Structures are given as structure tokens and as C-alpha cells.
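Colleague: Got a structure for you, run20.tsv, holding TSV, C-alpha atoms and all ligand atoms.
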chain	number	residue	atom	x	y	z
A	1	MET	CA	134.92	12.50	-23.68
A	2	TYR	CA	133.56	9.58	-25.69
A	3	GLU	CA	135.76	6.70	-24.53
A	4	ALA	CA	137.18	5.60	-21.23
A	5	ILE	CA	139.20	2.63	-19.99
A	6	VAL	CA	137.77	1.44	-16.69
A	7	ASN	CA	139.28	-0.97	-14.17
A	8	ILE	CA	137.20	-3.95	-13.10
A	9	PRO	CA	136.10	-4.88	-10.53
A	10	LEU	CA	134.62	-1.40	-10.04
A	11	GLN	CA	135.76	0.58	-7.03
A	12	ILE	CA	132.13	1.45	-6.31
A	13	HIS	CA	130.17	-0.58	-3.73
A	14	GLU	CA	126.46	-1.25	-3.57
A	15	ASP	CA	125.25	1.17	-0.93
A	16	VAL	CA	122.61	3.81	-0.26
A	17	HIS	CA	123.51	5.57	-3.54
A	18	ASN	CA	124.54	2.69	-5.84
A	19	GLU	CA	123.04	-0.55	-7.08
A	20	PHE	CA	124.14	-3.17	-9.64
A	21	ARG	CA	121.81	-5.28	-11.77
A	22	MET	CA	122.28	-7.74	-14.62
A	23	HIS	CA	118.82	-7.19	-16.19
A	24	VAL	CA	116.67	-4.36	-17.54
A	25	LYS	CA	113.25	-5.38	-16.15
A	26	LEU	CA	111.76	-2.14	-14.91
A	27	GLN	CA	108.24	-3.08	-13.85
A	28	ILE	CA	106.67	-6.05	-12.08
A	29	SER	CA	104.55	-6.73	-15.21
A	30	GLU	CA	107.75	-7.33	-17.23
A	31	LEU	CA	108.76	-10.29	-15.06
A	32	GLY	CA	107.80	-13.77	-16.24
A	33	LYS	CA	106.60	-16.64	-14.07
A	34	PHE	CA	110.02	-18.25	-14.19
A	35	GLN	CA	111.38	-15.21	-12.36
A	36	SER	CA	109.65	-16.25	-9.15
A	37	LYS	CA	110.02	-19.31	-6.94
A	38	GLN	CA	107.62	-21.18	-4.67
A	39	ASP	CA	108.88	-21.64	-1.13
A	40	LYS	CA	108.22	-24.75	0.97
A	41	ASP	CA	105.35	-23.02	2.76
A	42	GLY	CA	103.70	-22.34	-0.59
A	43	SER	CA	104.44	-18.62	-0.75
A	44	ILE	CA	105.72	-17.17	-4.02
A	45	ARG	CA	109.02	-15.34	-3.86
A	46	ARG	CA	110.43	-13.20	-6.67
A	47	THR	CA	113.93	-14.16	-7.75
A	48	VAL	CA	114.25	-11.01	-9.87
A	49	GLN	CA	113.19	-7.67	-8.40
A	50	PRO	CA	111.85	-4.95	-10.71
A	51	ILE	CA	114.11	-1.91	-11.06
A	52	SER	CA	111.16	0.38	-10.23
A	53	LYS	CA	111.66	-0.46	-6.53
A	54	THR	CA	115.17	0.97	-6.53
A	55	ILE	CA	114.20	4.03	-8.61
A	56	CYS	CA	111.36	4.67	-6.15
A	57	ALA	CA	113.72	4.27	-3.16
A	58	PHE	CA	116.31	6.64	-4.69
A	59	LEU	CA	113.57	9.23	-5.38
A	60	ASN	CA	112.38	9.03	-1.76
A	61	THR	CA	115.80	9.02	-0.09
A	62	ASP	CA	118.83	10.82	-1.51
A	63	GLY	CA	119.03	9.91	-5.20
A	64	GLY	CA	121.53	7.43	-6.63
A	65	ARG	CA	122.82	5.46	-9.58
A	66	LEU	CA	121.70	2.11	-10.97
A	67	PHE	CA	124.31	0.27	-13.02
A	68	LEU	CA	122.57	-2.19	-15.35
A	69	GLY	CA	125.16	-4.61	-16.71
A	70	VAL	CA	127.32	-4.90	-13.57
A	71	ASP	CA	127.26	-8.18	-11.61
A	72	ASP	CA	127.48	-8.81	-7.85
A	73	ASN	CA	131.27	-9.07	-8.12
A	74	LYS	CA	131.38	-5.49	-9.46
A	75	MET	CA	132.43	-6.71	-12.91
A	76	ILE	CA	131.15	-4.72	-15.90
A	77	LYS	CA	129.65	-7.46	-18.06
A	78	GLY	CA	127.21	-5.37	-20.06
A	79	ILE	CA	123.76	-6.47	-21.17
A	80	THR	CA	123.32	-7.97	-24.65
A	81	MET	CA	121.04	-5.64	-26.56
A	82	SER	CA	120.20	-4.49	-30.06
A	83	LYS	CA	119.50	-0.87	-30.89
A	84	ASN	CA	115.77	-1.67	-30.95
A	85	MET	CA	116.02	-3.12	-27.46
A	86	ILE	CA	117.57	0.14	-26.25
A	87	TYR	CA	114.62	2.07	-27.71
A	88	HIS	CA	112.36	-0.45	-25.99
A	89	PHE	CA	114.09	0.26	-22.67
A	90	PHE	CA	113.48	4.02	-23.03
A	91	GLY	CA	109.82	3.39	-23.89
A	92	SER	CA	109.45	1.11	-20.91
A	93	LEU	CA	111.10	3.66	-18.59
A	94	ARG	CA	108.63	6.36	-19.73
A	95	HIS	CA	105.74	3.92	-19.27
A	96	MET	CA	106.95	3.06	-15.75
A	97	CYS	CA	107.28	6.75	-14.79
A	98	GLU	CA	103.71	7.45	-15.93
A	99	LYS	CA	102.51	4.85	-13.42
A	100	PHE	CA	104.34	6.43	-10.48
A	101	LYS	CA	102.27	8.43	-7.98
A	102	PRO	CA	101.70	11.20	-7.00
A	103	PHE	CA	103.22	12.46	-10.28
A	104	ASN	CA	105.62	11.49	-13.08
A	105	PRO	CA	109.22	11.65	-11.77
A	106	ILE	CA	110.95	11.54	-15.19
A	107	SER	CA	112.50	15.01	-14.81
A	108	ARG	CA	114.65	13.58	-11.99
A	109	ILE	CA	115.94	10.64	-14.07
A	110	ARG	CA	118.86	10.64	-16.53
A	111	VAL	CA	120.07	7.64	-18.54
A	112	SER	CA	123.51	7.04	-20.08
A	113	ILE	CA	124.11	4.22	-22.55
A	114	LEU	CA	127.70	2.98	-22.86
A	115	GLU	CA	129.01	0.24	-25.09
A	116	VAL	CA	131.25	-2.25	-23.27
A	117	VAL	CA	134.30	-3.38	-25.25
A	118	THR	CA	136.39	-6.13	-23.70
A	119	LEU	CA	140.10	-5.54	-24.15
A	120	ALA	CA	141.92	-8.67	-25.30
A	121	ASP	CA	145.22	-7.63	-23.71
A	122	ALA	CA	143.92	-6.61	-20.27
A	123	ALA	CA	141.42	-8.87	-18.49
A	124	SER	CA	141.12	-6.42	-15.60
A	125	LYS	CA	139.94	-3.52	-17.77
A	126	VAL	CA	137.11	-2.73	-20.16
A	127	LYS	CA	136.65	0.10	-22.62
A	128	LEU	CA	133.42	2.10	-22.32
A	129	LYS	CA	132.22	3.99	-25.39
A	130	LYS	CA	129.49	6.59	-25.29
A	131	VAL	CA	126.68	5.55	-27.61
A	132	ASP	CA	125.07	8.00	-30.02
A	133	LEU	CA	121.94	6.16	-31.10
A	134	GLU	CA	121.45	8.46	-34.10
A	135	LYS	CA	124.91	7.66	-35.45
A	136	GLU	CA	124.91	3.92	-34.72
A	137	ASP	CA	124.95	1.77	-37.81
A	138	SER	CA	121.43	0.44	-38.29
A	139	THR	CA	121.58	-1.07	-41.79
A	140	ASP	CA	121.07	-4.61	-40.49
A	141	PHE	CA	118.24	-3.90	-38.16
A	142	PRO	CA	115.40	-1.68	-39.27
A	143	LYS	CA	113.87	0.36	-36.49
A	144	ILE	CA	110.79	-1.33	-35.04
A	145	ALA	CA	107.93	1.17	-35.14
A	146	THR	CA	105.96	-0.11	-32.17
A	147	HIS	CA	107.15	-1.77	-29.01
A	148	CYS	CA	105.02	-3.68	-26.56
A	149	VAL	CA	106.28	-2.01	-23.36
A	150	GLY	CA	105.33	-3.08	-19.85
A	151	GLY	CA	104.78	-6.72	-20.77
A	152	THR	CA	106.89	-9.87	-20.62
A	153	PHE	CA	107.50	-9.97	-24.37
A	154	CYS	CA	108.05	-7.70	-27.37
A	155	ASP	CA	109.13	-8.53	-30.95
A	156	CYS	CA	112.45	-6.78	-30.41
A	157	PHE	CA	113.44	-9.45	-27.82
A	158	TYR	CA	113.92	-11.88	-30.72
A	159	GLU	CA	116.97	-9.84	-31.65
A	160	THR	CA	118.83	-11.07	-28.53
A	161	ASN	CA	119.95	-14.18	-30.37
A	162	GLN	CA	120.60	-12.47	-33.68
A	163	ALA	CA	123.33	-10.14	-34.86
A	164	PRO	CA	123.88	-7.31	-34.43
A	165	THR	CA	123.83	-7.02	-30.69
A	166	LYS	CA	126.45	-5.47	-28.47
A	167	GLN	CA	127.14	-5.35	-24.75
A	168	TYR	CA	125.83	-2.23	-23.07
A	169	LEU	CA	126.19	-0.68	-19.66
A	170	ILE	CA	123.13	1.42	-18.79
A	171	ILE	CA	123.49	3.94	-16.01
A	172	VAL	CA	120.22	5.29	-14.59
A	173	GLN	CA	120.83	8.37	-12.46
A	174	VAL	CA	118.16	9.56	-10.06
A	175	ALA	CA	118.55	13.10	-8.72
A	176	ALA	CA	118.22	13.69	-4.97
A	177	PRO	CA	115.04	15.45	-3.75
A	178	ASP	CA	115.15	19.25	-3.84
A	179	PRO	CA	115.35	20.35	-0.16
A	180	GLU	CA	113.56	23.61	-1.07
A	181	LYS	CA	110.46	21.75	-2.20
A	182	PRO	CA	107.86	19.93	-0.01
A	183	THR	CA	108.69	16.29	0.70
A	184	VAL	CA	107.06	13.89	-1.75
A	185	MET	CA	106.71	10.18	-1.09
A	186	PHE	CA	106.72	8.47	-4.49
A	187	GLN	CA	104.95	5.15	-5.03
A	188	ASN	CA	105.96	2.78	-7.81
A	189	GLU	CA	103.63	1.05	-10.28
A	190	GLU	CA	102.63	-1.44	-7.55
A	191	GLY	CA	101.47	1.45	-5.36
A	192	LEU	CA	104.30	0.79	-2.89
A	193	ALA	CA	106.61	3.43	-1.45
A	194	TYR	CA	110.26	2.55	-0.78
A	195	ARG	CA	113.18	4.17	0.94
A	196	ARG	CA	116.80	3.29	0.57
A	197	ARG	CA	118.58	1.89	3.61
A	198	LEU	CA	122.23	0.87	3.11
A	199	ALA	CA	122.19	-1.29	-0.05
A	200	SER	CA	118.55	-2.31	0.04
A	201	ASN	CA	115.05	-0.97	-0.58
A	202	LYS	CA	112.69	-0.87	2.39
A	203	CYS	CA	108.94	-0.64	1.95
A	204	VAL	CA	107.32	2.29	3.76
A	205	TYR	CA	103.71	1.76	4.74
A	206	LEU	CA	101.99	5.03	3.98
A	207	ASP	CA	99.06	4.28	6.27
A	208	ASP	CA	101.42	3.87	9.22
A	209	LEU	CA	103.22	7.04	8.22
A	210	ARG	CA	99.96	9.00	7.98
A	211	ARG	CA	98.85	7.73	11.39
A	212	ILE	CA	102.15	8.72	12.97
A	213	VAL	CA	101.98	12.14	11.35
A	214	ASN	CA	98.35	12.70	12.38
A	215	GLU	CA	98.95	11.55	15.94
A	216	ARG	CA	102.40	13.04	16.27
A	217	ASN	CA	101.59	15.17	19.30
A	218	ARG	CA	100.57	12.10	21.25
A	219	VAL	CA	103.14	9.70	19.81
A	220	PHE	CA	106.15	12.01	20.18
A	221	VAL	CA	106.16	13.88	23.44
A	222	ASP	CA	109.76	14.93	23.95
A	223	LEU	CA	110.82	15.96	20.47
A	224	HIS	CA	113.60	18.37	19.60
A	225	ASP	CA	112.39	21.24	17.43
A	226	GLU	CA	114.55	19.93	14.59
A	227	VAL	CA	112.91	16.49	14.62
A	228	ARG	CA	109.45	17.97	14.92
A	229	HIS	CA	110.21	20.15	11.91
A	230	GLU	CA	111.26	17.05	9.98
A	231	ILE	CA	107.98	15.30	10.85
A	232	ASP	CA	106.01	18.43	9.95
A	233	ARG	CA	107.62	18.33	6.52
A	234	LEU	CA	106.17	14.84	6.03
A	235	LEU	CA	102.70	16.27	6.62
A	236	LYS	CA	103.04	17.94	3.25
A	237	PHE	CA	103.56	14.71	1.35
A	238	HIS	CA	100.90	13.96	-1.23
B	301	ZN	ZN	110.40	-3.86	-28.03
Write out the structure in this file as C-alpha cells.
Ligand SMILES: [Zn+2]
Modeller:
Amino acid sequence: MYEAIVNIPLQIHEDVHNEFRMHVKLQISELGKFQSKQDKDGSIRRTVQPISKTICAFLNTDGGRLFLGVDDNKMIKGITMSKNMIYHFFGSLRHMCEKFKPFNPISRIRVSILEVVTLADAASKVKLKKVDLEKEDSTDFPKIATHCVGGTFCDCFYETNQAPTKQYLIIVQVAAPDPEKPTVMFQNEEGLAYRRRLASNKCVYLDDLRRIVNERNRVFVDLHDEVRHEIDRLLKFH
């Protein structure tokens, strides 16, 4: 199926398996200074969070889907992009995955690109069209050979204000961990490990986790076998 009419707002909620974003900034290094704010006490707070945190949390919890181009009100707005910017996104995603530890998680990530077409006669619906990048008309915008991924700027960003851009919904799917394999605690490009709790990403401090695991016989005295088995699995994390 290449086209679908979808009701908005979406019936999906932000939860342990789903998150909505209105930007495509994957890594911390892609965020500009204007995307953080200084609090009264002088501390710097990010107003935009890099997507790598959520991907990391999905990898370490139970997988999930990131909808890029959906706002907080569950409306599919799409993100204004040119074809070059889509290629840039894929390059940036690969770059981000290479920085994850203990190994590259790209085999657990799938991306779908859908064009968002607003229907004039139905404000509560949008049409989603599957995009075939090979078949897309590219006469007006020659393919940029090199992209500057991982930074705050690339030449292809100039195309935002020029035709031809379209609205795209990008769905990043992260597969759940394989229960047959040893537990892996992934760390994002900042070296931080996250787990998903409800609709947010919680930082896991690996040093604390290691200490608990190493001292488990003293810390946990009355454990059920099942719980002890779960903790023993963590011992195998890289
Ligand atoms: Zn680029």
C-alpha cells in the first residue's frame, strides 16, 4: 500500500513505546546555542532534546516508534524537507549509530519516510504517501555529493526556504531487545545510557548499576529466584 488517509489527531499517545517530535536533530552536536536556555541560577537547560536519547532508551527498554513531524497535540504536521535533507538525515543517523557504545545498533533501527498531503476538504485528515527516493522528481535539486553530518549546519539546510520542499513524516522504528541474547546497555553519543519510563527517557548511571550488580549478594538479601536471575542477566552487559 502506497497511500493512506489518516485521521488527526492521531489515536496514538506518547508512552513507553511512542514519542512525537517536530525536529530531526539526532545528536547533541547538531543543536545550536539558541536551542538551550539559561536558568535564573545560571545553569544551561536544553530546550530541544536530541533524538539519540529516545533511540537509546528504546534500545535499552522494549523498542518503540519515534514520529518526527507530529506535534504535542498529536497532529501530523510533517517536517519541511528537500530530498537532499532526507539524505542528510540518513547520513546523520548512520553517524549517530557509529558513536553508540558498546556497538553500532543500526540493525535494530528501521526508517519510513512518508509525504504528508493536507486534504483541502477534510481538516481532520491527512493523506500519507510512501516516498520512493529513487523515483522522486529531482530535476530542480541536484543531489549534494557531500553532507556535513553531526554538526549544526550543512549546505542542504539552505534548501529549507527554497522550492522544492515537501512535508514529511519520518517514522523511526527501534526493535525490542532479543530476549535470547545477553542484555546490552547501550550508551548514546554523549556516553549516557537511558531507559524508557512511561513517556520519558531516564538516565541510568552505569557506575551505580555496576556497583549494585557487583554487591548484589549484600544489597539484595531476600530475592526471589526470578529477580535474582534478572539481576544476573545484567552482569552480562558490556
Ligand atoms: Zn546536508
Colleague: Residues up to 9 Å from ligand ZN 301 (chain B), counting all atoms listed in the file: could you list those as a list of chain:residue names?
Modeller: A:Asn84, A:Met85, A:Ile86, A:Tyr87, A:His88, A:Phe89, A:Gly91, A:Ser92, A:Ile144, A:Thr146, A:His147, A:Cys148, A:Val149, A:Phe153, A:Cys154, A:Asp155, A:Cys156, A:Phe157
Colleague: Box time for stretch 113-122 of chain A: axis-aligned, enclosing all its listed atoms, 3 Å extra on each side; report centre and edge lengths in Å to one decimal, as JSON.
Modeller:
{"center_x": 134.7, "center_y": -2.2, "center_z": -22.8, "size_x": 27.1, "size_y": 18.9, "size_z": 11.0}
Colleague: Excluding A:Arg197 and residues on its chain fewer than 4 positions from it, collect all residues at most 8 Å away from it, counting only C-alpha atoms, and give them as a ChimeraX atom specification.
Modeller: /A:16,201-202
Colleague: Could you write those residues out with C-alpha atoms, as a short mmCIF file (atom, residue, chain, number, x, y, z; two decimals), keeping the file's coordinate frame?
Modeller:
data_model
loop_
_atom_site.label_atom_id
_atom_site.label_comp_id
_atom_site.auth_asym_id
_atom_site.auth_seq_id
_atom_site.Cartn_x
_atom_site.Cartn_y
_atom_site.Cartn_z
CA VAL A 16 122.61 3.81 -0.26
CA ASN A 201 115.05 -0.97 -0.58
CA LYS A 202 112.69 -0.87 2.39
#
Colleague: Which residue out of A:Ile109, A:Ala176, A:Ala193, A:Met81 has the minimum interatomic distance to A:Asp62 when only C-alpha atoms are used?
Modeller: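 Distance minimum relative to A:Asp62 lands on A:Ala176.
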Colleague: Quick one: distance from atom CA of A:Ala4 to atom CA of A:Asp72 in Å, one decimal?
Modeller: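 Atom CA of A:Asp72 lies at a distance of 21.9 Å from atom CA of A:Ala4.
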Colleague: Give me the residues within 9 Å of A:Gly151 as a list in words, counting all atoms listed in the file and dropping any in the same chain fewer than 3 places off.
Modeller: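 The neighbour list is Gln27, Ile28, Ser29, Glu30, Leu31, Gly32, Cys148 and Cys154 of chain A.
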Colleague: Name the residues, using the chain letters and numbers of the file, that sit within 7 Å of (119.9, 2.5, -13.4) when counting only C-alpha atoms, and give them as a list of chain:residue names.
Modeller: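 Residues with an atom at most 7 Å from (119.9, 2.5, -13.4): A:Arg65, A:Leu66, A:Phe67, A:Leu68, A:Ile170, A:Ile171, A:Val172, A:Gln173.
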Colleague: Need to verify the contact set: stretch 97-99 of chain A, 10 Å, all atoms listed in the file, exclusion of same-chain residues closer than 6 positions in sequence. Can you return it as a PyMOL selection string?
Modeller: chain A and resi 26-27+52+55-56+105-107+109+187-191
Colleague: Using all atoms listed in the file, which of A:Val117, A:Val70, A:Ala123, A:Val111 sits nearest A:Asn7?
Modeller: A:Ala123
Colleague: List the neighbours of A:Ala175 out to 7 Å using only C-alpha atoms; skip same-chain residues closer than 5 positions along the sequence, and give me the result as a list of chain:residue names.
Modeller: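 After dropping sequence-adjacent residues, the list is A:Gly63, A:Gly64, A:Arg108, A:Ile109.
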Colleague: Would you please work out which residue, of A:Ile231, A:Met185, A:Ile76, A:Val213, is nearest to A:Leu128 when using all atoms listed in the file?
Modeller: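 Among the listed residues, the smallest separation from A:Leu128 belongs to A:Ile76.
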Colleague: Please supply stretch 38-49 of chain A, rebuilt with all heavy atoms, as a PDB file, keeping the file's coordinate frame.
Modeller:
ATOM      1  N   GLN A  38     108.549 -20.834  -5.761  1.00  0.00           N
ATOM      2  CA  GLN A  38     107.620 -21.180  -4.670  1.00  0.00           C
ATOM      3  C   GLN A  38     108.405 -21.747  -3.494  1.00  0.00           C
ATOM      4  O   GLN A  38     109.156 -22.718  -3.638  1.00  0.00           O
ATOM      5  CB  GLN A  38     106.583 -22.175  -5.162  1.00  0.00           C
ATOM      6  CG  GLN A  38     105.423 -22.328  -4.187  1.00  0.00           C
ATOM      7  CD  GLN A  38     104.174 -22.864  -4.856  1.00  0.00           C
ATOM      8  OE1 GLN A  38     104.236 -23.461  -5.917  1.00  0.00           O
ATOM      9  NE2 GLN A  38     103.028 -22.654  -4.235  1.00  0.00           N
ATOM     10  N   ASP A  39     108.204 -21.144  -2.335  1.00  0.00           N
ATOM     11  CA  ASP A  39     108.880 -21.640  -1.130  1.00  0.00           C
ATOM     12  C   ASP A  39     108.153 -22.871  -0.595  1.00  0.00           C
ATOM     13  O   ASP A  39     107.057 -23.185  -1.007  1.00  0.00           O
ATOM     14  CB  ASP A  39     108.909 -20.537  -0.064  1.00  0.00           C
ATOM     15  CG  ASP A  39     110.019 -19.536  -0.344  1.00  0.00           C
ATOM     16  OD1 ASP A  39     110.944 -19.887  -1.102  1.00  0.00           O
ATOM     17  OD2 ASP A  39     109.948 -18.413   0.190  1.00  0.00           O
ATOM     18  N   LYS A  40     108.802 -23.532   0.389  1.00  0.00           N
ATOM     19  CA  LYS A  40     108.220 -24.750   0.970  1.00  0.00           C
ATOM     20  C   LYS A  40     106.845 -24.506   1.567  1.00  0.00           C
ATOM     21  O   LYS A  40     105.970 -25.354   1.520  1.00  0.00           O
ATOM     22  CB  LYS A  40     109.156 -25.304   2.055  1.00  0.00           C
ATOM     23  CG  LYS A  40     110.257 -26.185   1.472  1.00  0.00           C
ATOM     24  CD  LYS A  40     111.161 -26.713   2.561  1.00  0.00           C
ATOM     25  CE  LYS A  40     112.407 -27.329   1.943  1.00  0.00           C
ATOM     26  NZ  LYS A  40     113.526 -27.327   2.896  1.00  0.00           N
ATOM     27  N   ASP A  41     106.650 -23.313   2.146  1.00  0.00           N
ATOM     28  CA  ASP A  41     105.350 -23.020   2.760  1.00  0.00           C
ATOM     29  C   ASP A  41     104.308 -22.598   1.728  1.00  0.00           C
ATOM     30  O   ASP A  41     103.194 -22.212   2.092  1.00  0.00           O
ATOM     31  CB  ASP A  41     105.504 -21.943   3.851  1.00  0.00           C
ATOM     32  CG  ASP A  41     106.000 -20.619   3.285  1.00  0.00           C
ATOM     33  OD1 ASP A  41     106.206 -20.513   2.061  1.00  0.00           O
ATOM     34  OD2 ASP A  41     106.178 -19.680   4.089  1.00  0.00           O
ATOM     35  N   GLY A  42     104.672 -22.638   0.455  1.00  0.00           N
ATOM     36  CA  GLY A  42     103.700 -22.340  -0.590  1.00  0.00           C
ATOM     37  C   GLY A  42     103.713 -20.891  -1.064  1.00  0.00           C
ATOM     38  O   GLY A  42     103.081 -20.564  -2.061  1.00  0.00           O
ATOM     39  N   SER A  43     104.433 -20.026  -0.344  1.00  0.00           N
ATOM     40  CA  SER A  43     104.440 -18.620  -0.750  1.00  0.00           C
ATOM     41  C   SER A  43     105.349 -18.414  -1.973  1.00  0.00           C
ATOM     42  O   SER A  43     106.333 -19.121  -2.151  1.00  0.00           O
ATOM     43  CB  SER A  43     104.912 -17.731   0.413  1.00  0.00           C
ATOM     44  OG  SER A  43     106.212 -18.116   0.796  1.00  0.00           O
ATOM     45  N   ILE A  44     104.969 -17.457  -2.795  1.00  0.00           N
ATOM     46  CA  ILE A  44     105.720 -17.170  -4.020  1.00  0.00           C
ATOM     47  C   ILE A  44     106.735 -16.058  -3.734  1.00  0.00           C
ATOM     48  O   ILE A  44     106.392 -15.010  -3.177  1.00  0.00           O
ATOM     49  CB  ILE A  44     104.755 -16.707  -5.156  1.00  0.00           C
ATOM     50  CG1 ILE A  44     103.624 -17.709  -5.376  1.00  0.00           C
ATOM     51  CG2 ILE A  44     105.528 -16.418  -6.440  1.00  0.00           C
ATOM     52  CD1 ILE A  44     103.999 -18.990  -6.074  1.00  0.00           C
ATOM     53  N   ARG A  45     107.966 -16.325  -4.096  1.00  0.00           N
ATOM     54  CA  ARG A  45     109.020 -15.340  -3.860  1.00  0.00           C
ATOM     55  C   ARG A  45     109.626 -14.948  -5.207  1.00  0.00           C
ATOM     56  O   ARG A  45     109.901 -15.800  -6.036  1.00  0.00           O
ATOM     57  CB  ARG A  45     110.096 -15.977  -2.974  1.00  0.00           C
ATOM     58  CG  ARG A  45     111.134 -15.040  -2.454  1.00  0.00           C
ATOM     59  CD  ARG A  45     111.868 -15.693  -1.273  1.00  0.00           C
ATOM     60  NE  ARG A  45     112.243 -17.090  -1.546  1.00  0.00           N
ATOM     61  CZ  ARG A  45     113.396 -17.441  -2.126  1.00  0.00           C
ATOM     62  NH1 ARG A  45     114.269 -16.531  -2.477  1.00  0.00           N
ATOM     63  NH2 ARG A  45     113.682 -18.714  -2.340  1.00  0.00           N
ATOM     64  N   ARG A  46     109.809 -13.651  -5.424  1.00  0.00           N
ATOM     65  CA  ARG A  46     110.430 -13.200  -6.670  1.00  0.00           C
ATOM     66  C   ARG A  46     111.927 -13.426  -6.632  1.00  0.00           C
ATOM     67  O   ARG A  46     112.580 -13.090  -5.651  1.00  0.00           O
ATOM     68  CB  ARG A  46     110.221 -11.688  -6.842  1.00  0.00           C
ATOM     69  CG  ARG A  46     108.838 -11.328  -7.252  1.00  0.00           C
ATOM     70  CD  ARG A  46     108.800  -9.811  -7.379  1.00  0.00           C
ATOM     71  NE  ARG A  46     107.491  -9.331  -7.029  1.00  0.00           N
ATOM     72  CZ  ARG A  46     107.233  -8.086  -6.618  1.00  0.00           C
ATOM     73  NH1 ARG A  46     108.216  -7.224  -6.504  1.00  0.00           N
ATOM     74  NH2 ARG A  46     106.017  -7.732  -6.354  1.00  0.00           N
ATOM     75  N   THR A  47     112.475 -13.999  -7.697  1.00  0.00           N
ATOM     76  CA  THR A  47     113.930 -14.160  -7.750  1.00  0.00           C
ATOM     77  C   THR A  47     114.570 -12.977  -8.452  1.00  0.00           C
ATOM     78  O   THR A  47     115.755 -12.733  -8.324  1.00  0.00           O
ATOM     79  CB  THR A  47     114.305 -15.468  -8.462  1.00  0.00           C
ATOM     80  OG1 THR A  47     113.603 -15.515  -9.712  1.00  0.00           O
ATOM     81  CG2 THR A  47     113.936 -16.669  -7.639  1.00  0.00           C
ATOM     82  N   VAL A  48     113.760 -12.230  -9.229  1.00  0.00           N
ATOM     83  CA  VAL A  48     114.250 -11.010  -9.870  1.00  0.00           C
ATOM     84  C   VAL A  48     113.360  -9.870  -9.376  1.00  0.00           C
ATOM     85  O   VAL A  48     112.146  -9.987  -9.380  1.00  0.00           O
ATOM     86  CB  VAL A  48     114.149 -11.110 -11.418  1.00  0.00           C
ATOM     87  CG1 VAL A  48     114.563  -9.804 -12.081  1.00  0.00           C
ATOM     88  CG2 VAL A  48     115.017 -12.254 -11.930  1.00  0.00           C
ATOM     89  N   GLN A  49     113.962  -8.808  -8.893  1.00  0.00           N
ATOM     90  CA  GLN A  49     113.190  -7.670  -8.400  1.00  0.00           C
ATOM     91  C   GLN A  49     113.109  -6.596  -9.481  1.00  0.00           C
ATOM     92  O   GLN A  49     114.113  -6.297 -10.122  1.00  0.00           O
ATOM     93  CB  GLN A  49     113.869  -7.084  -7.150  1.00  0.00           C
ATOM     94  CG  GLN A  49     113.929  -8.026  -5.959  1.00  0.00           C
ATOM     95  CD  GLN A  49     112.563  -8.359  -5.396  1.00  0.00           C
ATOM     96  OE1 GLN A  49     111.610  -7.603  -5.535  1.00  0.00           O
ATOM     97  NE2 GLN A  49     112.457  -9.525  -4.772  1.00  0.00           N
TER      98      GLN A  49
END
